[in-house]
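Trainee: Okay, so here is coords_21.cif, and as you'll see once you scroll down, it has mmCIF, C-alpha atoms.
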```cif
data_protein
#
loop_
_atom_site.label_atom_id
_atom_site.label_comp_id
_atom_site.auth_asym_id
_atom_site.auth_seq_id
_atom_site.Cartn_x
_atom_site.Cartn_y
_atom_site.Cartn_z
CA MET A 1 10.24 41.17 41.95
CA GLU A 2 12.39 39.47 39.38
CA LEU A 3 13.28 35.78 39.74
CA SER A 4 16.83 34.78 39.01
CA ARG A 5 17.70 31.81 36.87
CA THR A 6 18.88 29.85 39.87
CA THR A 7 15.64 30.43 41.78
CA LEU A 8 13.56 29.47 38.75
CA GLY A 9 15.64 26.31 38.18
CA LEU A 10 15.30 25.38 41.84
CA ALA A 11 11.51 25.87 41.72
CA VAL A 12 11.20 23.71 38.59
CA GLY A 13 13.40 21.02 40.19
CA ILE A 14 11.30 20.96 43.36
CA ALA A 15 8.07 20.84 41.35
CA GLY A 16 9.43 17.94 39.27
CA THR A 17 10.52 16.06 42.38
CA LEU A 18 7.10 16.57 43.98
CA PHE A 19 5.39 15.30 40.84
CA VAL A 20 7.55 12.17 40.68
CA GLY A 21 6.95 11.59 44.41
CA TYR A 22 3.20 11.94 43.84
CA CYS A 23 3.33 9.38 41.02
CA VAL A 24 5.40 6.92 43.07
CA TYR A 25 3.10 7.26 46.09
CA PHE A 26 -0.09 6.56 44.15
CA ASP A 27 1.52 3.74 42.18
CA GLN A 28 2.46 2.14 45.51
CA GLN A 29 -1.08 2.62 46.82
CA ARG A 30 -2.48 1.03 43.66
CA ARG A 31 -0.17 -1.96 43.94
CA LYS A 32 -1.02 -2.47 47.62
CA ASP A 33 -4.69 -2.84 46.74
CA PRO A 34 -5.64 -6.49 47.40
CA LEU A 35 -7.77 -6.63 44.26
CA TYR A 36 -5.06 -5.10 42.04
CA LYS A 37 -3.31 -8.37 41.20
CA LYS A 38 -6.62 -10.14 40.63
CA LYS A 39 -7.83 -7.39 38.29
CA LEU A 40 -4.48 -7.34 36.51
CA ARG A 41 -4.58 -11.11 35.93
CA GLU A 42 -8.16 -10.89 34.64
CA ARG A 43 -7.25 -8.05 32.27
CA ARG A 44 -4.25 -9.95 30.94
CA GLN A 45 -6.29 -13.12 30.42
CA MET A 46 -8.98 -11.16 28.59
CA ALA A 47 -6.39 -9.49 26.38
CA GLN A 48 -4.74 -12.82 25.65
CA GLN A 49 -8.07 -14.45 24.80
CA ASN A 50 -9.06 -11.55 22.57
CA SER A 51 -5.75 -11.61 20.73
CA SER A 52 -5.82 -15.38 20.29
CA ASN A 53 -9.43 -15.24 19.08
CA SER A 54 -8.66 -12.52 16.59
CA ARG A 55 -5.56 -14.39 15.40
CA THR A 56 -7.52 -17.61 15.08
CA LEU A 57 -10.47 -16.12 13.29
CA GLY A 58 -8.48 -13.44 11.48
CA GLY A 59 -10.40 -10.64 13.10
CA PRO A 60 -14.03 -9.78 12.63
CA LEU A 61 -15.75 -11.26 9.61
CA PRO A 62 -16.67 -8.74 6.93
CA ASP A 63 -20.14 -8.12 5.58
CA MET A 64 -20.72 -10.73 2.90
CA ASN A 65 -22.59 -8.17 0.75
CA ASP A 66 -19.69 -5.69 0.78
CA HIS A 67 -17.34 -6.73 -2.01
CA GLU A 68 -14.51 -4.41 -0.93
CA ALA A 69 -14.64 -5.64 2.67
CA MET A 70 -14.52 -9.25 1.49
CA GLN A 71 -11.57 -8.47 -0.77
CA ARG A 72 -9.69 -6.78 2.11
CA PHE A 73 -10.45 -9.77 4.37
CA PHE A 74 -9.26 -12.17 1.67
CA LEU A 75 -5.99 -10.28 1.11
CA GLN A 76 -5.43 -9.94 4.86
CA GLN A 77 -5.84 -13.70 5.34
CA ILE A 78 -3.45 -14.48 2.49
CA GLN A 79 -0.84 -12.09 3.87
CA LEU A 80 -1.20 -13.36 7.45
CA GLY A 81 -1.02 -16.95 6.25
CA GLU A 82 2.16 -16.31 4.27
CA GLU A 83 3.79 -14.45 7.16
CA LEU A 84 2.95 -17.17 9.66
CA LEU A 85 4.18 -19.91 7.34
CA ALA A 86 7.42 -18.00 6.79
CA ALA A 87 7.82 -17.67 10.57
CA GLY A 88 7.37 -21.44 10.94
CA ASN A 89 3.90 -21.35 12.50
CA LEU A 90 2.34 -23.88 10.13
CA GLU A 91 -0.97 -24.44 11.96
CA ALA A 92 -1.89 -20.74 12.16
CA GLY A 93 -0.62 -20.07 8.63
CA VAL A 94 -2.71 -22.88 7.17
CA GLU A 95 -5.70 -21.64 9.21
CA HIS A 96 -5.51 -18.18 7.63
CA LEU A 97 -4.96 -19.55 4.14
CA GLY A 98 -7.96 -21.82 4.70
CA GLN A 99 -10.07 -18.81 5.60
CA ALA A 100 -8.92 -17.08 2.42
CA VAL A 101 -9.88 -20.12 0.36
CA ALA A 102 -13.25 -20.37 2.15
CA VAL A 103 -14.23 -16.78 1.28
CA CYS A 104 -12.69 -16.78 -2.19
CA GLY A 105 -15.08 -16.65 -5.10
CA GLN A 106 -12.77 -18.68 -7.34
CA THR A 107 -11.76 -21.48 -5.02
CA GLN A 108 -10.43 -23.92 -7.62
CA GLN A 109 -8.10 -21.36 -9.22
CA LEU A 110 -6.78 -20.24 -5.82
CA LEU A 111 -6.17 -23.85 -4.77
CA SER A 112 -4.29 -24.58 -8.00
CA VAL A 113 -2.08 -21.51 -7.46
CA LEU A 114 -1.44 -22.52 -3.84
CA GLN A 115 -0.66 -26.08 -4.92
CA GLN A 116 1.97 -24.81 -7.36
CA THR A 117 3.57 -22.39 -4.88
CA MET A 118 3.42 -24.29 -1.58
CA PRO A 119 5.34 -27.37 -0.49
CA ALA A 120 3.25 -30.53 -0.82
CA PRO A 121 3.00 -31.35 2.92
CA ILE A 122 1.73 -27.85 3.75
CA PHE A 123 -0.74 -27.94 0.88
CA HIS A 124 -2.08 -31.32 2.07
CA LEU A 125 -2.43 -29.89 5.57
CA LEU A 126 -4.42 -27.01 4.05
CA LEU A 127 -6.70 -29.43 2.21
CA LYS A 128 -7.20 -31.42 5.40
CA LYS A 129 -8.11 -28.32 7.43
CA LEU A 130 -10.27 -26.68 4.76
CA PRO A 131 -13.61 -28.36 5.70
CA GLU A 132 -13.07 -27.52 9.38
CA VAL A 133 -12.24 -23.88 8.60
CA SER A 134 -15.19 -23.56 6.22
CA ASP A 135 -17.58 -24.99 8.80
CA ARG A 136 -16.24 -22.63 11.47
CA LEU A 137 -16.62 -19.61 9.20
CA ARG A 138 -20.11 -20.69 8.21
CA ALA A 139 -21.05 -21.13 11.88
CA SER A 140 -19.65 -17.76 12.89
CA MET A 141 -21.46 -16.08 9.98
CA GLY A 142 -24.69 -17.77 11.03
CA ALA A 143 -24.17 -16.83 14.68
CA SER A 144 -23.67 -13.19 13.77
CA GLY A 145 -26.85 -13.14 11.72
CA ARG A 146 -25.10 -13.07 8.36
CA THR A 147 -26.02 -15.77 5.91
CA LEU A 148 -25.42 -16.08 2.23
CA GLN A 149 -28.55 -15.55 0.23
CA GLU A 150 -29.18 -17.25 -3.11
CA GLU A 151 -28.77 -13.94 -4.97
CA ASP A 152 -25.41 -13.29 -3.26
CA VAL A 153 -23.84 -16.24 -5.03
CA GLU A 154 -22.83 -15.48 -8.60
#
```
Just give me the structure as structure tokens.
Mentor:
Amino acid sequence: MELSRTTLGLAVGIAGTLFVGYCVYFDQQRRKDPLYKKKLRERRQMAQQNSSNSRTLGGPLPDMNDHEAMQRFFLQQIQLGEELLAAGNLEAGVEHLGQAVAVCGQTQQLLSVLQQTMPAPIFHLLLKKLPEVSDRLRASMGASGRTLQEEDVE
């Protein structure tokens, strides 16, 4: 028995309609669940906290013994700081630049370059936040079990 084009088109249309109906029905059932909104709020709060934590700390800290990972982290912080400053988010931009300065091996040279390229008020804000950022990085490195050893410092 050979199916005509019309019959085949009709069968595909009915199957598509049934599938969409199935999706709508179960979406409605999911939304009617009394715990759905509570779970949804919790998930959104967790996602927001995770994103704000990763933005604040610049993501996970790299292994202090891995030079390439430290270099990537440094460059990422510089780039994020510049982007945030350009977008007008001074606090977050200075935070990321502070993290870059804190992990930089040549702090004085980086600070002199930043002083020459940044407006004075933003640079002073960076200098003001630098001890706080350094302490926070040091605390998070200590909390994660990573500490600088004497031989790690060149």
Trainee: What is the CA of Thr107 (chain A) to CA of Pro131 (chain A) distance in Å?
Mentor: 12.9 Å
Trainee: What is the CA of Leu97 (chain A)-CA of Leu126 (chain A) distance in Å, reported with one decimal?
Mentor: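 CA of Leu126 (chain A) lies 7.5 Å from CA of Leu97 (chain A).
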Trainee: Can you list, as a list in words, the residues that the PyMOL selection byres ((chain A and resi 79) around 12) selects here?
Mentor: Gly58, Arg72, Phe73, Phe74, Leu75, Gln76, Gln77, Ile78, Leu80, Gly81, Glu82, Glu83, Leu84, Leu85, Ala86, Gly93, Val94, Glu95, His96, Leu97, Gln99 and Ala100 of chain A
Trainee: Which residues, named as in the file, does the PyMOL selection byres ((chain A and resi 102) around 8) pick out? Answer as a PyMOL selection string.
Mentor: chain A and resi 98-101+103-104+107+130+133-134+137
Trainee: Step by step, gather every atom of region 112-127 of chain A that the file lists, find the box along x, y and z that holds them, add 3 Å on each side, and finally give centre and edge lengths in Å to one decimal, as AutoDock Vina command-line options.
Mentor:
```
--center_x -0.7 --center_y -26.4 --center_z -1.2 --size_x 18.0 --size_y 15.8 --size_z 19.6
```
